[in-house]
file model.cif (mmCIF, C-alpha atoms and all ligand atoms)
data_target
#
loop_
_atom_site.label_atom_id
_atom_site.label_comp_id
_atom_site.auth_asym_id
_atom_site.auth_seq_id
_atom_site.Cartn_x
_atom_site.Cartn_y
_atom_site.Cartn_z
CA MET L 21 219.08 -90.08 81.74
CA ALA L 22 218.16 -86.40 81.35
CA ASN L 23 215.69 -85.49 78.62
CA LEU L 24 216.83 -82.31 76.83
CA GLU L 25 213.77 -81.95 74.58
CA THR L 26 212.61 -78.37 74.28
CA LYS L 27 209.64 -76.63 72.70
CA TYR L 28 210.71 -73.40 71.03
CA LEU L 29 208.26 -71.31 68.95
CA GLY L 30 205.98 -74.34 69.08
CA LEU L 31 208.64 -76.51 67.41
CA ASN L 32 210.06 -79.69 68.91
CA LEU L 33 213.82 -79.48 69.42
CA LYS L 34 215.86 -82.40 70.73
CA ASN L 35 217.81 -79.96 72.90
CA PRO L 36 217.86 -76.18 73.50
CA ILE L 37 221.10 -75.45 71.61
CA VAL L 38 220.43 -73.51 68.42
CA VAL L 39 223.07 -72.46 65.93
CA SER L 40 222.73 -68.70 65.29
CA SER L 41 222.17 -67.08 61.95
CA SER L 42 225.61 -66.61 60.34
CA GLY L 43 227.98 -68.02 57.73
CA LEU L 44 227.89 -71.24 59.76
CA THR L 45 224.45 -71.98 58.33
CA ASN L 46 224.75 -70.83 54.72
CA SER L 47 225.14 -74.24 53.07
CA VAL L 48 223.60 -77.71 53.34
CA GLU L 49 227.08 -79.22 53.95
CA LYS L 50 227.87 -76.93 56.87
CA ILE L 51 224.45 -77.49 58.36
CA GLY L 52 225.03 -81.26 58.04
CA LYS L 53 228.07 -81.01 60.34
CA LEU L 54 226.03 -79.09 62.91
CA VAL L 55 223.24 -81.67 62.74
CA GLU L 56 225.80 -84.45 63.29
CA ALA L 57 227.24 -82.52 66.22
CA GLY L 58 223.78 -82.56 67.84
CA ALA L 59 222.32 -79.05 67.30
CA GLY L 60 218.70 -78.66 68.37
CA ALA L 61 217.86 -76.27 65.51
CA VAL L 62 219.58 -73.96 63.05
CA VAL L 63 218.85 -70.37 62.08
CA LEU L 64 219.90 -69.84 58.49
CA LYS L 65 222.14 -66.97 57.48
CA SER L 66 220.02 -63.85 57.04
CA LEU L 67 218.71 -62.78 53.72
CA PHE L 68 219.70 -59.12 53.84
CA GLU L 69 217.81 -56.34 52.11
CA GLU L 70 221.21 -54.71 51.78
CA GLN L 71 222.68 -57.79 50.10
CA ILE L 72 219.93 -57.84 47.51
CA ASN L 73 220.30 -54.13 46.77
CA HIS L 74 224.05 -54.50 46.52
CA GLU L 75 223.73 -57.23 43.91
CA VAL L 76 221.30 -55.12 41.93
CA ASN L 77 223.65 -52.13 41.95
CA ASN L 78 226.68 -54.23 41.00
CA VAL L 79 225.02 -55.45 37.85
CA ILE L 80 223.89 -51.97 36.95
CA TYR L 81 227.28 -50.34 37.48
CA LYS L 82 229.05 -52.96 35.37
CA GLY L 83 227.80 -50.82 32.50
CA GLU L 84 225.71 -53.33 30.64
CA GLY L 85 223.87 -50.49 28.95
CA PHE L 86 220.41 -49.89 30.27
CA ASP L 87 218.88 -47.36 27.91
CA TYR L 88 215.38 -48.41 28.84
CA PRO L 89 213.83 -48.24 32.28
CA GLU L 90 212.12 -51.61 31.54
CA ALA L 91 215.55 -53.27 31.16
CA LEU L 92 216.67 -51.84 34.47
CA ASP L 93 213.54 -53.11 36.17
CA TYR L 94 214.08 -56.53 34.64
CA VAL L 95 217.65 -56.78 35.96
CA LYS L 96 216.62 -55.61 39.37
CA GLY L 97 213.92 -58.24 39.46
CA TYR L 98 216.25 -60.93 38.12
CA THR L 99 219.06 -60.37 40.60
CA ARG L 100 216.66 -60.11 43.48
CA ASP L 101 214.90 -63.31 42.50
CA ASN L 102 218.19 -65.14 42.18
CA SER L 103 219.28 -64.18 45.70
CA VAL L 104 215.93 -65.20 46.96
CA ASN L 105 215.99 -68.40 44.91
CA GLU L 106 219.35 -69.45 46.33
CA TYR L 107 217.95 -68.95 49.77
CA LEU L 108 214.77 -70.85 49.09
CA LYS L 109 216.86 -73.69 47.64
CA LEU L 110 218.89 -73.82 50.85
CA ILE L 111 215.71 -74.14 52.91
CA LYS L 112 214.26 -76.86 50.69
CA GLU L 113 217.47 -78.90 50.48
CA THR L 114 218.15 -78.68 54.22
CA LYS L 115 214.60 -79.74 55.05
CA ALA L 116 214.78 -82.62 52.56
CA LYS L 117 218.10 -83.90 53.92
CA TYR L 118 217.96 -83.37 57.66
CA ASP L 119 215.39 -83.87 60.38
CA ILE L 120 216.05 -80.60 62.21
CA PRO L 121 213.94 -77.46 62.68
CA VAL L 122 215.10 -74.82 60.20
CA ILE L 123 214.50 -71.19 61.08
CA ALA L 124 214.92 -68.78 58.20
CA SER L 125 216.14 -65.25 58.88
CA ILE L 126 215.50 -61.92 57.23
CA ASN L 127 217.40 -58.78 58.05
CA CYS L 128 215.08 -55.83 57.58
CA TYR L 129 214.73 -52.16 58.31
CA SER L 130 211.24 -51.44 57.14
CA ALA L 131 207.81 -52.96 56.93
CA ASP L 132 207.41 -53.21 53.16
CA GLU L 133 209.37 -54.93 50.37
CA TRP L 134 210.68 -58.05 52.10
CA VAL L 135 207.21 -59.10 53.26
CA ASP L 136 206.95 -60.91 49.90
CA PHE L 137 210.09 -62.89 50.75
CA ALA L 138 208.42 -64.09 53.93
CA ARG L 139 205.65 -65.74 51.90
CA GLN L 140 208.15 -67.60 49.75
CA ILE L 141 210.18 -68.66 52.75
CA GLU L 142 207.13 -70.24 54.32
CA ALA L 143 206.23 -71.97 51.06
CA SER L 144 209.75 -73.44 50.85
CA GLY L 145 209.29 -75.32 54.10
CA ALA L 146 210.99 -73.20 56.76
CA ASP L 147 209.68 -74.09 60.21
CA ALA L 148 209.84 -70.52 61.53
CA LEU L 149 211.11 -67.08 60.59
CA GLU L 150 213.47 -64.94 62.65
CA LEU L 151 213.39 -61.24 61.84
CA ASN L 152 216.65 -59.48 62.44
CA VAL L 153 215.66 -55.84 62.77
CA PHE L 154 218.30 -53.22 63.40
CA ILE L 155 217.75 -49.53 63.17
CA VAL L 156 220.46 -47.08 64.18
CA ASN L 157 218.60 -44.13 65.55
CA THR L 158 220.50 -40.93 64.73
CA ASP L 159 217.66 -38.45 64.33
CA LYS L 160 217.84 -35.93 67.16
CA ASN L 161 214.25 -34.84 66.63
CA SER L 162 212.57 -38.22 66.88
CA GLU L 163 211.36 -40.08 69.94
CA ALA L 164 212.42 -43.62 70.86
CA GLY L 165 208.81 -44.71 70.34
CA ASP L 166 208.89 -43.61 66.68
CA TYR L 167 211.58 -46.18 65.97
CA GLU L 168 210.08 -48.86 68.15
CA LYS L 169 206.88 -48.62 66.11
CA ILE L 170 208.80 -49.99 63.12
CA TYR L 171 209.42 -53.24 65.02
CA TYR L 172 205.73 -53.63 65.78
CA GLU L 173 204.70 -52.80 62.20
CA VAL L 174 207.16 -55.30 60.79
CA LEU L 175 205.83 -58.01 63.08
CA ASN L 176 202.20 -57.17 62.42
CA ASN L 177 202.71 -57.23 58.65
CA VAL L 178 204.62 -60.50 58.59
CA SER L 179 202.48 -62.31 61.17
CA GLN L 180 199.38 -61.50 59.16
CA ILE L 181 200.61 -63.07 55.94
CA ILE L 182 202.40 -66.21 57.12
CA SER L 183 201.34 -68.89 59.52
CA ILE L 184 204.71 -70.27 60.62
CA PRO L 185 205.91 -68.81 63.94
CA VAL L 186 207.82 -65.55 63.84
CA SER L 187 210.51 -64.41 66.25
CA ILE L 188 212.40 -61.16 66.39
CA LYS L 189 216.08 -60.65 67.10
CA LEU L 190 216.82 -57.46 68.98
CA GLY L 191 219.83 -55.35 69.74
CA LEU L 192 220.60 -54.49 73.34
CA TYR L 193 219.73 -50.83 73.38
CA PHE L 194 216.19 -49.84 74.30
CA SER L 195 215.15 -47.35 76.93
CA ASN L 196 212.57 -49.84 78.22
CA LEU L 197 213.30 -53.29 76.92
CA VAL L 198 210.60 -55.00 79.00
CA SER L 199 207.89 -52.80 77.53
CA VAL L 200 209.24 -53.34 74.00
CA VAL L 201 209.20 -57.14 74.42
CA ASN L 202 205.67 -56.90 75.79
CA LYS L 203 204.50 -54.98 72.71
CA ILE L 204 206.41 -57.36 70.47
CA SER L 205 204.53 -60.32 71.93
CA VAL L 206 201.23 -58.50 71.36
CA SER L 207 202.29 -57.76 67.76
CA GLY L 208 202.49 -61.47 66.94
CA ALA L 209 206.00 -62.61 67.88
CA LYS L 210 206.25 -66.07 69.38
CA GLY L 211 209.87 -65.54 70.34
CA VAL L 212 212.50 -62.91 70.99
CA VAL L 213 216.23 -63.38 70.46
CA MET L 214 218.23 -61.36 72.97
CA PHE L 215 220.60 -60.07 71.68
CA ASN L 216 222.21 -59.64 68.30
CA ARG L 217 225.82 -58.54 68.27
CA PHE L 218 226.20 -56.00 65.52
CA TYR L 219 229.08 -54.83 63.45
CA GLU L 220 230.88 -52.19 65.48
CA PRO L 221 233.15 -49.57 63.98
CA ASP L 222 236.62 -48.85 65.35
CA ILE L 223 239.27 -46.31 64.37
CA ASP L 224 242.81 -47.06 63.20
CA ILE L 225 244.74 -44.09 64.65
CA ASP L 226 247.80 -44.69 62.42
CA LYS L 227 245.97 -44.88 59.12
CA LEU L 228 243.24 -42.49 60.28
CA SER L 229 240.66 -44.83 58.88
CA LEU L 230 237.59 -46.64 60.07
CA THR L 231 238.00 -50.33 60.78
CA SER L 232 235.81 -53.13 62.11
CA ALA L 233 236.09 -54.07 65.76
CA GLU L 234 236.38 -57.73 66.85
CA VAL L 235 233.71 -59.73 65.06
CA PHE L 236 233.48 -62.54 67.61
CA SER L 237 232.15 -62.29 71.12
CA SER L 238 233.91 -63.41 74.29
CA PRO L 239 232.36 -65.32 77.22
CA ALA L 240 232.29 -62.07 79.25
CA ASP L 241 229.74 -60.66 76.77
CA MET L 242 227.18 -63.14 78.09
CA ARG L 243 226.42 -61.25 81.28
CA ARG L 244 224.37 -58.49 79.69
CA THR L 245 222.21 -61.12 78.07
CA LEU L 246 221.91 -63.07 81.31
CA ARG L 247 220.52 -60.10 83.23
CA TRP L 248 217.88 -59.28 80.63
CA VAL L 249 216.87 -62.89 80.08
CA ALA L 250 216.32 -63.18 83.84
CA ILE L 251 214.20 -60.02 83.96
CA VAL L 252 212.19 -60.43 80.75
CA SER L 253 211.43 -64.13 81.35
CA GLU L 254 209.72 -63.20 84.60
CA LYS L 255 207.85 -60.15 83.35
CA ILE L 256 206.70 -61.33 79.91
CA GLN L 257 205.67 -64.94 80.10
CA ASN L 258 203.92 -65.51 76.79
CA ILE L 259 207.02 -65.29 74.62
CA ASP L 260 209.96 -67.68 74.19
CA ILE L 261 213.36 -66.18 74.80
CA SER L 262 216.40 -67.34 72.87
CA ALA L 263 219.54 -66.13 74.62
CA SER L 264 222.23 -64.96 72.23
CA THR L 265 225.69 -63.40 72.62
CA GLY L 266 228.63 -64.70 74.58
CA VAL L 267 227.50 -68.29 75.12
CA HIS L 268 230.75 -70.19 74.61
CA ASN L 269 230.37 -73.39 76.65
CA GLY L 270 227.99 -75.70 78.47
CA GLU L 271 228.14 -73.61 81.64
CA GLY L 272 226.88 -70.63 79.63
CA VAL L 273 224.00 -72.69 78.25
CA ILE L 274 222.99 -73.82 81.75
CA LYS L 275 223.14 -70.27 83.15
CA GLN L 276 220.88 -68.90 80.41
CA LEU L 277 218.34 -71.70 80.94
CA LEU L 278 218.36 -71.06 84.69
CA ALA L 279 217.75 -67.37 83.93
CA GLY L 280 214.68 -68.32 81.89
CA ALA L 281 215.78 -68.77 78.27
CA THR L 282 213.87 -71.36 76.25
CA THR L 283 216.80 -71.87 73.89
CA VAL L 284 220.36 -70.62 73.62
CA GLN L 285 221.92 -69.49 70.36
CA VAL L 286 225.59 -70.05 69.66
CA CYS L 287 227.76 -68.49 66.97
CA SER L 288 231.27 -67.18 67.87
CA ALA L 289 232.14 -70.27 69.92
CA ILE L 290 231.47 -72.51 66.88
CA TYR L 291 233.48 -70.25 64.57
CA LYS L 292 236.37 -70.56 67.02
CA GLY L 293 236.07 -74.20 68.10
CA GLY L 294 234.16 -75.93 65.29
CA ALA L 295 230.95 -77.98 65.40
CA LYS L 296 232.28 -80.10 68.27
CA VAL L 297 231.49 -77.15 70.58
CA VAL L 298 227.81 -78.05 70.13
CA THR L 299 228.47 -81.68 71.14
CA GLU L 300 230.40 -80.52 74.21
CA MET L 301 227.56 -78.20 75.21
CA VAL L 302 224.98 -80.97 74.90
CA GLN L 303 227.16 -83.33 76.94
CA LYS L 304 227.76 -80.74 79.65
CA LEU L 305 224.06 -79.92 79.92
CA GLU L 306 223.20 -83.61 80.11
CA SER L 307 225.78 -84.45 82.77
CA TRP L 308 224.90 -81.38 84.84
CA MET L 309 221.20 -82.32 84.76
CA ASP L 310 222.05 -85.88 85.77
CA ASP L 311 224.20 -84.61 88.66
CA LYS L 312 221.43 -82.33 89.88
CA GLY L 313 218.72 -84.92 89.37
CA PHE L 314 216.79 -82.90 86.77
CA LYS L 315 214.86 -85.15 84.40
CA SER L 316 213.75 -82.39 82.01
CA VAL L 317 214.81 -78.85 81.08
CA GLU L 318 211.40 -77.55 82.22
CA GLU L 319 212.21 -78.65 85.78
CA PHE L 320 214.84 -75.96 86.19
CA ARG L 321 214.26 -73.48 83.38
CA GLY L 322 213.77 -69.99 84.83
CA SER L 323 214.36 -71.17 88.40
CA MET L 324 216.89 -68.39 88.88
CA ASN L 325 215.07 -65.62 87.09
CA TYR L 326 214.13 -62.20 88.43
CA GLY L 327 211.01 -63.44 90.18
CA LYS L 328 212.45 -66.58 91.72
CA ILE L 329 215.70 -65.54 93.35
CA GLY L 330 214.14 -63.92 96.40
CA ASP L 331 215.87 -60.58 95.91
CA PRO L 332 215.14 -59.32 92.39
CA HIS L 333 217.39 -56.31 92.99
CA LEU L 334 220.32 -58.66 92.42
CA TYR L 335 219.49 -58.30 88.72
CA GLU L 336 219.04 -54.54 88.98
CA ARG L 337 221.26 -51.55 88.93
CA ALA L 338 221.33 -50.76 92.68
CA GLN L 339 223.32 -53.91 93.23
CA PHE L 340 226.03 -52.51 91.02
CA MET L 341 226.30 -49.38 93.18
CA ARG L 342 226.88 -51.60 96.20
CA TYR L 343 229.36 -53.66 94.21
CA PHE L 344 231.41 -50.67 93.17
CA SER L 345 231.37 -49.05 96.60
CA SER L 346 232.92 -52.22 98.06
CA HIS L 347 235.97 -51.69 95.81
CA GLU L 348 237.88 -48.74 97.35
C1 LIG L 401 230.54 -63.88 61.04
C2 LIG L 401 229.17 -63.58 61.60
C3 LIG L 401 228.08 -63.49 60.75
C4 LIG L 401 226.81 -63.21 61.26
N1 LIG L 401 225.75 -63.12 60.41
C5 LIG L 401 224.50 -62.90 60.92
C6 LIG L 401 223.36 -62.89 60.09
O1 LIG L 401 223.42 -63.09 58.87
N2 LIG L 401 222.15 -62.66 60.67
C7 LIG L 401 222.01 -62.47 62.01
O2 LIG L 401 220.88 -62.30 62.50
N3 LIG L 401 223.07 -62.48 62.84
C8 LIG L 401 224.31 -62.68 62.33
N4 LIG L 401 225.38 -62.72 63.17
C9 LIG L 401 225.16 -62.55 64.62
C10 LIG L 401 225.07 -63.91 65.31
O3 LIG L 401 223.96 -64.65 64.84
C11 LIG L 401 224.95 -63.77 66.83
O4 LIG L 401 223.73 -63.13 67.17
C12 LIG L 401 226.09 -62.95 67.43
O5 LIG L 401 227.34 -63.32 66.87
C13 LIG L 401 226.14 -63.13 68.94
O6 LIG L 401 226.28 -64.48 69.29
P1 LIG L 401 227.70 -65.13 69.71
O7 LIG L 401 228.19 -64.40 70.90
O8 LIG L 401 227.38 -66.57 70.00
O9 LIG L 401 228.60 -64.96 68.54
C14 LIG L 401 226.64 -63.00 62.67
C15 LIG L 401 227.76 -63.12 63.50
C16 LIG L 401 229.01 -63.41 63.00
C17 LIG L 401 230.18 -63.53 63.95
#
call {"tool": "encode", "arguments": {"input": "model.cif", "output": "structure tokens"}}
result
Amino acid sequence: MANLETKYLGLNLKNPIVVSSSGLTNSVEKIGKLVEAGAGAVVLKSLFEEQINHEVNNVIYKGEGFDYPEALDYVKGYTRDNSVNEYLKLIKETKAKYDIPVIASINCYSADEWVDFARQIEASGADALELNVFIVNTDKNSEAGDYEKIYYEVLNNVSQIISIPVSIKLGLYFSNLVSVVNKISVSGAKGVVMFNRFYEPDIDIDKLSLTSAEVFSSPADMRRTLRWVAIVSEKIQNIDISASTGVHNGEGVIKQLLAGATTVQVCSAIYKGGAKVVTEMVQKLESWMDDKGFKSVEEFRGSMNYGKIGDPHLYERAQFMRYFSSHE
């Protein structure tokens, strides 16, 4: 019988299937269903800087009469603490009830205020912390490196003050992703999640208004992740990769592991199909390993990555030129 045990960020997971940070992991009850379904770990819904600020502003604009700056400061502190407290409670209760690695998540844009939250998250019993950093670069006078520095600063600051492992969740767009992941590993990250799928704006041409594009991914979205997992896992070996975006079934899980992912994160597929999707993925991985005679995930993990396939160009752009030219 295949052994699916996996070490991710130094944590022991019973299998490599991790439920992504999202509304799927924002309550103990929901997490319970995912544990029952066989998830290897869960990443809690992100604590957003934006969310905290929004709550603060809501209270203030309800016109409760803040004549004194001290009162305003008090309310800001109170609302922020309550958001944080709810989150810390979720960590504590989940850890008390279930034997599953719990990875907390913070969405951040800068290297300052939220660092305090990281301390409290560690103290509440989270096994690791995933930093969800997203910066939309719109300044025509800045260099890519100026923005990338924020990622390294964030990691340096957090890694210095907490001792649980830290991973970072990236978006897809970097001019040199391999170099960024290399610097991220030097800055203290034990893992990198590739990739987040961000809110994308769309335009309603009848109402002439901005709308949100499809929130959920499709299986076709997995290919971009697959290429970069295959490349990065070969080039940067001292960091765990968690493959995220477009993994909708057991086949997707297997492909990402073959490409070199340590774990695979799943979100849209569970929103669409329920917790049983996790069970199906575990079963598929197990039966595929049995068929192929693999006793452990380590036996095949990365065996089809950039360095192992014989012709690494298959993961590079030139191959696409050949591909297109064969379609007249
Ligand atoms: C409804 C919804 C809520 C999400 N909330 C978060 C979040 O709080 N923090 C985060 O890092 N990612 C969040 N994500 C992104 C997912 O964790 C995941 O990275 C993304 O959906 C790609 O994976 P998928 O193709 O399996 O859906 C959210 C995604 C969805 C669909």
call {"tool": "closest_atom_pairs", "arguments": {"input": "model.cif", "of": "chain L", "to": "ligand LIG 401 (chain L)", "cutoff": "6 Å", "atoms": "all atoms listed in the file", "output": "JSON lines"}}
result
{"residue": "L:Ser40", "atom": "CA", "partner": "L:LIG401", "partner_atom": "O3", "distance": 4.3}
{"residue": "L:Ser41", "atom": "CA", "partner": "L:LIG401", "partner_atom": "O3", "distance": 4.2}
{"residue": "L:Ser42", "atom": "CA", "partner": "L:LIG401", "partner_atom": "N1", "distance": 3.5}
{"residue": "L:Gly43", "atom": "CA", "partner": "L:LIG401", "partner_atom": "C3", "distance": 5.4}
{"residue": "L:Lys65", "atom": "CA", "partner": "L:LIG401", "partner_atom": "O1", "distance": 4.3}
{"residue": "L:Ser66", "atom": "CA", "partner": "L:LIG401", "partner_atom": "O1", "distance": 3.9}
{"residue": "L:Asn152", "atom": "CA", "partner": "L:LIG401", "partner_atom": "O2", "distance": 5.1}
{"residue": "L:Asn216", "atom": "CA", "partner": "L:LIG401", "partner_atom": "O4", "distance": 4.0}
{"residue": "L:Arg217", "atom": "CA", "partner": "L:LIG401", "partner_atom": "C12", "distance": 4.5}
{"residue": "L:Val235", "atom": "CA", "partner": "L:LIG401", "partner_atom": "C17", "distance": 5.3}
{"residue": "L:Phe236", "atom": "CA", "partner": "L:LIG401", "partner_atom": "C17", "distance": 5.0}
{"residue": "L:Ser237", "atom": "CA", "partner": "L:LIG401", "partner_atom": "O7", "distance": 4.5}
{"residue": "L:Ser264", "atom": "CA", "partner": "L:LIG401", "partner_atom": "O6", "distance": 5.0}
{"residue": "L:Thr265", "atom": "CA", "partner": "L:LIG401", "partner_atom": "O7", "distance": 3.2}
{"residue": "L:Gly266", "atom": "CA", "partner": "L:LIG401", "partner_atom": "O7", "distance": 3.7}
{"residue": "L:Val267", "atom": "CA", "partner": "L:LIG401", "partner_atom": "O8", "distance": 5.4}
{"residue": "L:Val286", "atom": "CA", "partner": "L:LIG401", "partner_atom": "O8", "distance": 3.9}
{"residue": "L:Cys287", "atom": "CA", "partner": "L:LIG401", "partner_atom": "O8", "distance": 3.6}
{"residue": "L:Ser288", "atom": "CA", "partner": "L:LIG401", "partner_atom": "O9", "distance": 3.5}
call {"tool": "atom_distance", "arguments": {"input": "model.cif", "atom1": "CA of Gln285 in chain L", "atom2": "CA of Met301 in chain L"}}
result
11.5 Å
call {"tool": "residues_around", "arguments": {"input": "model.cif", "residues": "Val213 in chain L", "least_positions_apart": "4", "cutoff": "9 Å", "atoms": "all atoms listed in the file", "output": "number ranges by chain"}}
result
L: 150, 152, 187-191, 260-264, 284-285
call {"tool": "residues_around", "arguments": {"input": "model.cif", "residues": "Leu67 in chain L", "least_positions_apart": "2", "cutoff": "10 Å", "atoms": "all atoms listed in the file", "output": "count of residues only"}}
result
20
call {"tool": "closest_residue", "arguments": {"input": "model.cif", "among": "L:Val63, L:Ile274, L:Ala279, L:Leu29", "to": "Asn258 in chain L", "atoms": "all atoms listed in the file"}}
result
L:Leu29
call {"tool": "atom_distance", "arguments": {"input": "model.cif", "atom1": "CA of Ile170 in chain L", "atom2": "CA of Ala146 in chain L"}}
result
24.2 Å
call {"tool": "atom_distance", "arguments": {"input": "model.cif", "atom1": "CA of Arg139 in chain L", "atom2": "CA of Lys203 in chain L"}}
result
23.5 Å
call {"tool": "closest_residue", "arguments": {"input": "model.cif", "among": "L:Leu110, L:Met242, L:Ala164, L:Val174", "to": "Tyr129 in chain L", "atoms": "all atoms listed in the file"}}
result
L:Val174
call {"tool": "closest_residue", "arguments": {"input": "model.cif", "among": "L:Thr114, L:Thr299, L:Ser253, L:Thr245", "to": "Lys50 in chain L", "atoms": "all atoms listed in the file"}}
result
L:Thr114
call {"tool": "closest_residue", "arguments": {"input": "model.cif", "among": "L:Ala131, L:Leu108, L:Val252, L:Leu305", "to": "Val201 in chain L", "atoms": "only C-alpha atoms"}}
result
L:Val252
call {"tool": "closest_residue", "arguments": {"input": "model.cif", "among": "L:Lys315, L:Lys210, L:His268, L:Lys53", "to": "Gly293 in chain L", "atoms": "only C-alpha atoms"}}
result
L:His268
call {"tool": "closest_residue", "arguments": {"input": "model.cif", "among": "L:Lys275, L:Gly327, L:Glu306, L:Tyr171", "to": "Asn23 in chain L", "atoms": "only C-alpha atoms"}}
result
L:Glu306
call {"tool": "axis_aligned_box", "arguments": {"input": "model.cif", "around": "range 225-234 of chain L", "padding_each_side": "6 Å", "output": "JSON"}}
result
{"center_x": 241.8, "center_y": -50.1, "center_z": 62.9, "size_x": 24.0, "size_y": 27.2, "size_z": 20.0}
call {"tool": "decode", "arguments": {"input": "model.cif", "residues": "range 312-324 of chain L", "atoms": "N, CA and C atoms", "output": "mmCIF file, in the first residue's frame"}}
result
data_model
loop_
_atom_site.group_PDB
_atom_site.id
_atom_site.type_symbol
_atom_site.label_atom_id
_atom_site.label_comp_id
_atom_site.auth_asym_id
_atom_site.auth_seq_id
_atom_site.Cartn_x
_atom_site.Cartn_y
_atom_site.Cartn_z
ATOM 1 N N LYS L 312 1.814 2.042 -10.303
ATOM 2 C CA LYS L 312 3.183 2.293 -10.797
ATOM 3 C C LYS L 312 4.246 1.657 -9.907
ATOM 4 N N GLY L 313 3.817 1.131 -8.784
ATOM 5 C CA GLY L 313 4.772 0.486 -7.875
ATOM 6 C C GLY L 313 5.559 1.473 -7.020
ATOM 7 N N PHE L 314 5.051 2.693 -6.859
ATOM 8 C CA PHE L 314 5.736 3.660 -5.989
ATOM 9 C C PHE L 314 5.276 3.450 -4.553
ATOM 10 N N LYS L 315 6.255 3.297 -3.661
ATOM 11 C CA LYS L 315 5.908 3.062 -2.246
ATOM 12 C C LYS L 315 5.757 4.385 -1.490
ATOM 13 N N SER L 316 6.481 5.423 -1.940
ATOM 14 C CA SER L 316 6.400 6.711 -1.252
ATOM 15 C C SER L 316 6.377 7.838 -2.288
ATOM 16 N N VAL L 317 5.905 9.004 -1.854
ATOM 17 C CA VAL L 317 5.821 10.161 -2.763
ATOM 18 C C VAL L 317 7.228 10.580 -3.191
ATOM 19 N N GLU L 318 8.182 10.460 -2.252
ATOM 20 C CA GLU L 318 9.565 10.865 -2.564
ATOM 21 C C GLU L 318 10.148 10.087 -3.739
ATOM 22 N N GLU L 319 9.645 8.875 -3.961
ATOM 23 C CA GLU L 319 10.192 8.043 -5.051
ATOM 24 C C GLU L 319 9.974 8.673 -6.423
ATOM 25 N N PHE L 320 8.917 9.441 -6.568
ATOM 26 C CA PHE L 320 8.652 9.990 -7.905
ATOM 27 C C PHE L 320 8.582 11.526 -7.941
ATOM 28 N N ARG L 321 8.575 12.133 -6.764
ATOM 29 C CA ARG L 321 8.443 13.599 -6.728
ATOM 30 C C ARG L 321 9.584 14.256 -7.510
ATOM 31 N N GLY L 322 9.238 15.127 -8.449
ATOM 32 C CA GLY L 322 10.252 15.857 -9.217
ATOM 33 C C GLY L 322 10.872 15.046 -10.338
ATOM 34 N N SER L 323 10.394 13.812 -10.549
ATOM 35 C CA SER L 323 11.054 12.974 -11.561
ATOM 36 C C SER L 323 10.782 13.447 -12.979
ATOM 37 N N MET L 324 9.859 14.411 -13.134
ATOM 38 C CA MET L 324 9.645 14.968 -14.467
ATOM 39 C C MET L 324 9.865 16.479 -14.452
#
